[in-house]
Each structure stands twice: as C-alpha cells, then as structure tokens.
>>> print(open('input06.txt').read())   # compact mmCIF, C-alpha atoms
# COMPACT_ATOMS: atom_id res chain seq x y z
CA MET I 1 -9.16 -3.06 -52.16
CA LEU I 2 -8.98 0.56 -53.20
CA ASP I 3 -7.94 1.52 -49.65
CA TRP I 4 -4.77 -0.54 -50.00
CA PHE I 5 -3.89 1.24 -53.23
CA LEU I 6 -4.55 4.68 -51.72
CA ASN I 7 -2.56 3.83 -48.58
CA ARG I 8 0.32 2.58 -50.73
CA ALA I 9 0.28 5.78 -52.79
CA GLU I 10 0.30 7.88 -49.61
CA SER I 11 3.17 5.82 -48.19
CA ARG I 12 5.17 6.35 -51.38
CA ARG I 13 4.49 10.08 -51.33
CA LYS I 14 5.67 10.35 -47.73
CA ALA I 15 8.73 8.22 -48.47
CA SER I 16 9.57 10.41 -51.45
CA GLU I 17 9.39 13.52 -49.28
CA LEU I 18 11.51 11.89 -46.58
CA TYR I 19 13.99 10.76 -49.21
CA GLY I 20 14.30 14.36 -50.43
CA ALA I 21 15.10 15.38 -46.86
CA VAL I 22 17.73 12.62 -46.64
CA VAL I 23 19.35 13.90 -49.85
CA THR I 24 19.48 17.41 -48.37
CA PHE I 25 20.86 15.94 -45.12
CA ALA I 26 23.62 14.19 -47.10
CA ARG I 27 24.47 17.36 -49.02
CA ARG I 28 25.26 19.49 -45.97
CA PRO I 29 28.05 21.88 -47.06
CA VAL I 30 30.22 21.07 -44.02
CA LEU I 31 30.75 17.54 -45.34
CA TYR I 32 32.26 18.77 -48.58
CA GLU I 33 33.85 22.07 -47.59
CA ALA I 34 35.25 21.45 -44.11
CA ILE I 35 35.57 17.65 -43.93
CA GLY I 36 36.79 17.17 -47.50
CA VAL I 37 34.34 14.67 -49.00
CA ALA I 38 34.67 14.61 -52.79
CA ASP I 39 31.81 16.52 -54.44
CA THR I 40 31.61 13.93 -57.21
CA PRO I 41 29.00 11.30 -58.08
CA GLU I 42 30.94 8.77 -55.98
CA GLY I 43 31.31 11.10 -53.01
CA ARG I 44 27.67 12.17 -53.13
CA TYR I 45 26.57 8.52 -53.44
CA GLU I 46 28.64 7.51 -50.41
CA MET I 47 27.27 10.41 -48.36
CA LEU I 48 23.73 9.57 -49.43
CA VAL I 49 24.17 5.93 -48.45
CA LEU I 50 25.68 6.89 -45.10
CA HIS I 51 22.90 9.34 -44.26
CA LEU I 52 20.21 7.00 -45.57
CA PHE I 53 21.67 4.37 -43.26
CA LEU I 54 21.38 6.76 -40.28
CA VAL I 55 17.74 7.54 -41.01
CA MET I 56 16.83 3.93 -41.68
CA GLU I 57 18.50 2.85 -38.44
CA ARG I 58 16.39 5.43 -36.61
CA LEU I 59 13.26 4.07 -38.27
CA ARG I 60 14.26 0.46 -37.67
CA ALA I 61 14.57 1.14 -33.94
CA ALA I 62 11.03 2.57 -33.81
CA GLY I 63 9.04 -0.57 -34.57
CA GLU I 64 6.89 -2.08 -37.31
CA VAL I 65 5.13 1.02 -38.68
CA ALA I 66 8.43 2.83 -39.04
CA ALA I 67 10.01 -0.29 -40.55
CA GLN I 68 7.37 -0.23 -43.27
CA GLN I 69 8.18 3.41 -43.96
CA SER I 70 11.85 2.45 -43.99
CA GLN I 71 11.14 -0.03 -46.79
CA SER I 72 9.32 2.67 -48.76
CA LEU I 73 12.29 4.98 -48.19
CA LEU I 74 14.62 2.34 -49.63
CA GLU I 75 12.33 1.99 -52.65
CA ALA I 76 12.54 5.77 -53.18
CA PHE I 77 16.34 5.48 -53.07
CA VAL I 78 16.35 2.73 -55.70
CA THR I 79 13.99 4.74 -57.92
CA ASP I 80 16.28 7.75 -57.59
CA LEU I 81 19.32 5.65 -58.50
CA ASP I 82 17.52 4.43 -61.60
CA ASP I 83 16.50 7.96 -62.61
CA ASN I 84 19.96 9.40 -62.02
CA MET I 85 21.73 6.68 -63.96
CA ARG I 86 19.45 7.26 -66.91
CA GLU I 87 20.09 11.02 -66.69
CA MET I 88 23.84 10.34 -66.66
CA GLY I 89 23.44 8.57 -70.00
CA ILE I 90 23.90 4.99 -68.84
CA GLY I 91 22.26 2.68 -71.37
CA ASP I 92 18.76 1.42 -70.68
CA LEU I 93 19.87 -2.20 -70.80
CA THR I 94 22.60 -1.79 -68.18
CA VAL I 95 20.72 0.47 -65.75
CA PRO I 96 18.89 -2.38 -63.94
CA LYS I 97 22.16 -4.24 -63.36
CA LYS I 98 23.87 -1.13 -62.04
CA VAL I 99 20.90 -0.22 -59.82
CA LYS I 100 20.86 -3.76 -58.42
CA LYS I 101 24.59 -3.53 -57.73
CA ALA I 102 24.24 -0.11 -56.06
CA ALA I 103 21.29 -1.29 -53.93
CA ALA I 104 23.27 -4.36 -52.88
CA ALA I 105 26.15 -2.05 -51.98
CA PHE I 106 23.75 -0.18 -49.69
CA TYR I 107 23.06 -3.36 -47.74
CA ASP I 108 26.77 -4.15 -47.55
CA ARG I 109 27.51 -0.63 -46.33
CA ALA I 110 24.69 -0.81 -43.79
CA GLU I 111 26.23 -3.92 -42.24
CA VAL I 112 29.70 -2.42 -41.94
CA TYR I 113 28.35 0.94 -40.75
CA ARG I 114 26.23 -0.79 -38.09
CA ALA I 115 29.28 -2.69 -36.83
CA ALA I 116 31.48 0.42 -36.88
CA MET I 117 28.86 2.51 -35.08
CA ALA I 118 28.77 -0.15 -32.35
CA GLY I 119 32.57 0.06 -32.09
CA GLY I 120 34.82 2.92 -31.13
CA ASP I 121 35.49 6.25 -32.80
CA THR I 122 38.73 5.01 -34.33
CA GLU I 123 36.98 2.04 -35.94
CA LEU I 124 34.34 4.29 -37.51
CA ALA I 125 36.93 6.84 -38.67
CA ASP I 126 39.08 4.10 -40.22
CA LEU I 127 36.09 2.68 -42.06
CA LEU I 128 35.05 6.09 -43.36
CA ALA I 129 38.61 6.81 -44.50
CA ARG I 130 38.49 3.62 -46.59
CA LEU I 131 35.01 4.11 -48.06
CA ILE I 132 34.55 7.86 -48.55
CA PRO I 133 36.46 9.52 -51.39
CA ALA I 134 38.32 12.73 -50.57
CA ALA I 135 38.09 15.90 -52.62
CA ALA I 136 40.86 16.35 -55.17
CA GLY I 137 44.05 17.55 -53.55
CA ARG I 138 42.68 17.08 -50.03
CA THR I 139 42.74 14.50 -47.30
CA LEU I 140 39.42 13.43 -45.87
CA ASP I 141 39.11 14.40 -42.22
CA ALA I 142 37.76 10.98 -41.27
CA ALA I 143 37.82 11.73 -37.53
CA ALA I 144 35.67 14.82 -38.05
CA LEU I 145 33.32 12.88 -40.32
CA ALA I 146 33.02 10.09 -37.73
CA ALA I 147 32.26 12.66 -35.01
CA ASP I 148 29.67 14.31 -37.25
CA ILE I 149 27.99 10.99 -38.06
CA ARG I 150 27.83 9.99 -34.39
CA SER I 151 26.40 13.41 -33.53
CA GLN I 152 23.75 13.11 -36.25
CA ALA I 153 22.81 9.63 -35.04
CA VAL I 154 22.31 10.96 -31.50
CA LYS I 155 20.20 13.86 -32.80
CA LEU I 156 18.07 11.50 -34.89
CA LYS I 157 17.54 9.17 -31.94
CA ALA I 158 16.42 12.09 -29.76
CA GLN I 159 13.98 13.37 -32.34
CA PRO I 160 10.35 12.26 -32.17
CA LEU I 161 9.51 9.65 -34.80
CA ASP I 162 6.77 11.80 -36.34
CA SER I 163 9.28 14.58 -36.84
CA VAL I 164 11.75 12.24 -38.58
CA LEU I 165 9.00 10.80 -40.77
CA ALA I 166 8.00 14.34 -41.72
CA GLY I 167 11.53 14.91 -43.00
CA ASN I 168 12.70 17.19 -40.19
CA LEU I 169 16.24 15.90 -40.07
CA PRO I 170 19.14 17.46 -38.13
CA GLU I 171 21.27 20.12 -39.78
>>> encode(input="input06.txt", output="structure tokens")
Amino acid sequence: MLDWFLNRAESRRKASELYGAVVTFARRPVLYEAIGVADTPEGRYEMLVLHLFLVMERLRAAGEVAAQQSQSLLEAFVTDLDDNMREMGIGDLTVPKKVKKAAAAFYDRAEVYRAAMAGGDTELADLLARLIPAAAGRTLDAAALAADIRSQAVKLKAQPLDSVLAGNLPE
C-alpha cells in the first residue's frame, strides 16, 4: 500500500519537473519577439496549451507508461492554473470554475490542434491565426508559428522518450 503512495509521489514530482520544462519550452523568446505572440496572460496561456499539447502527443504515441505520465503532466498543468489564478487575485469561490473551464479549453484545443497538425501548413497557420493573440501593434506571423510548431513536433518525435520525460525538450 505504501509503495503505491510513494510511486504516486514520484510520478507527481517527475510530472512537475516536466511541466516546468514545458513552461520554459512555451516561453521561448522567438515566439514573442520574432513571431509576435502577445506576451500577456492570454498569449502565454495559449502558448502553454500549444506546447503542452505537443509534449502530450509525444507521450501519447509512446504507449501506456508514457500515457500515465501524460495524465500526471495534465494534473500539474491544472494545479498550476489554480495557483496562478489565485495569485492573480481571482476569488477563491470562482477559481475552481475558471480552472475547470481552462482545462476543458485544453481538451478542445487539443482536438483542433490534432486535426490541424494532420492537415496542411495553411490549415495549421489559419487555426493559429484565429487562436493565438498577437502582440499589441503587431500581426502574428502565423505561418512562421506553424512552421515552428511542426519543427518542434518533429524534434520531439525524434527524441528518446526517456529524454522527453526528463524534461529535455527542444529549444
């Protein structure tokens, strides 16, 4: 019985570390400086969801053990959403509703991202142009963002699973 608890704690620790790597992955300066993603809570959230999707797709393709780690990664994301909303001063009574809505939005985004990734470059760029906010006074370079996302997906797929699980994500 105690082994389950210790294994669960270790899984959460690893997921938390991987989540930190995903956050860093989503905060790559090129996304905000060159491509024109808004460096706002909305822009950062959208980039986090997009990059979390890429990592979770990589894990999903690797089988059951990685799928379990993917679930723990999603739990780390939800915990982070909760923490950040509380830090932003959102009332304690509304945080659970907003977290639930944001988590549901992740699943919605994952579906449309999966479909767009299976389609052509134009389809992905069009989707990103609709979903990702541009920096003030700029136009989002959706084609460059689509190319970057496809490139990152290829890099993730080529990386050994152990390396991804250890948080060694592409730069």
>>> closest_residue(input="input06.txt", among="I:Gln68, I:Ala62, I:Tyr45, I:Arg150", to="I:Gly119", atoms="all atoms listed in the file")
I:Arg150
>>> residues_around(input="input06.txt", residues="I:Ala134", least_positions_apart="4", cutoff="6 Å", atoms="all atoms listed in the file", output="MDAnalysis selection string")
chainID I and resid 36:38 139:140
>>> atom_distance(input="input06.txt", atom1="atom CA of I:Ala76", atom2="atom CA of I:Leu59")
15.0 Å
>>> atom_distance(input="input06.txt", atom1="atom CA of I:Ala15", atom2="atom CA of I:Phe77")
9.3 Å
>>> atom_distance(input="input06.txt", atom1="atom CA of I:Ala143", atom2="atom CA of I:Val164")
26.1 Å
>>> closest_residue(input="input06.txt", among="I:Glu57, I:Glu64, I:Glu111, I:Glu42", to="I:Ile132", atoms="all atoms listed in the file")
I:Glu42
>>> residues_around(input="input06.txt", residues="I:Leu124", least_positions_apart="5", cutoff="8 Å", atoms="all atoms listed in the file", output="JSON, numbers by chain")
{"I": [113, 116, 117, 119, 146]}
>>> write_last_selection(input="input06.txt", atoms="C-alpha atoms", output="short mmCIF file (atom, residue, chain, number, x, y, z; two decimals), keeping the file's coordinate frame")
data_model
loop_
_atom_site.label_atom_id
_atom_site.label_comp_id
_atom_site.auth_asym_id
_atom_site.auth_seq_id
_atom_site.Cartn_x
_atom_site.Cartn_y
_atom_site.Cartn_z
CA TYR I 113 28.35 0.94 -40.75
CA ALA I 116 31.48 0.42 -36.88
CA MET I 117 28.86 2.51 -35.08
CA GLY I 119 32.57 0.06 -32.09
CA ALA I 146 33.02 10.09 -37.73
#
>>> closest_residue(input="input06.txt", among="I:Leu73, I:Ala66, I:Leu54, I:Ala34", to="I:Arg12", atoms="all atoms listed in the file")
I:Leu73
>>> closest_residue(input="input06.txt", among="I:Ser16, I:Glu33, I:Glu46, I:Gln71", to="I:Ala105", atoms="only C-alpha atoms")
I:Glu46
>>> closest_residue(input="input06.txt", among="I:Ser151, I:Ser11, I:Asn168, I:Gln159", to="I:Gln69", atoms="all atoms listed in the file")
I:Ser11
>>> residues_around(input="input06.txt", residues="I:Arg28", least_positions_apart="6", cutoff="12 Å", atoms="all atoms listed in the file", output="JSON, numbers by chain")
{"I": [21, 22, 34, 35, 36, 37, 39, 44, 47, 48, 51, 145, 148, 149, 152, 169, 170, 171]}
>>> closest_residue(input="input06.txt", among="I:Ala153, I:Ala166, I:Val65, I:Leu50", to="I:Leu31", atoms="only C-alpha atoms")
I:Leu50
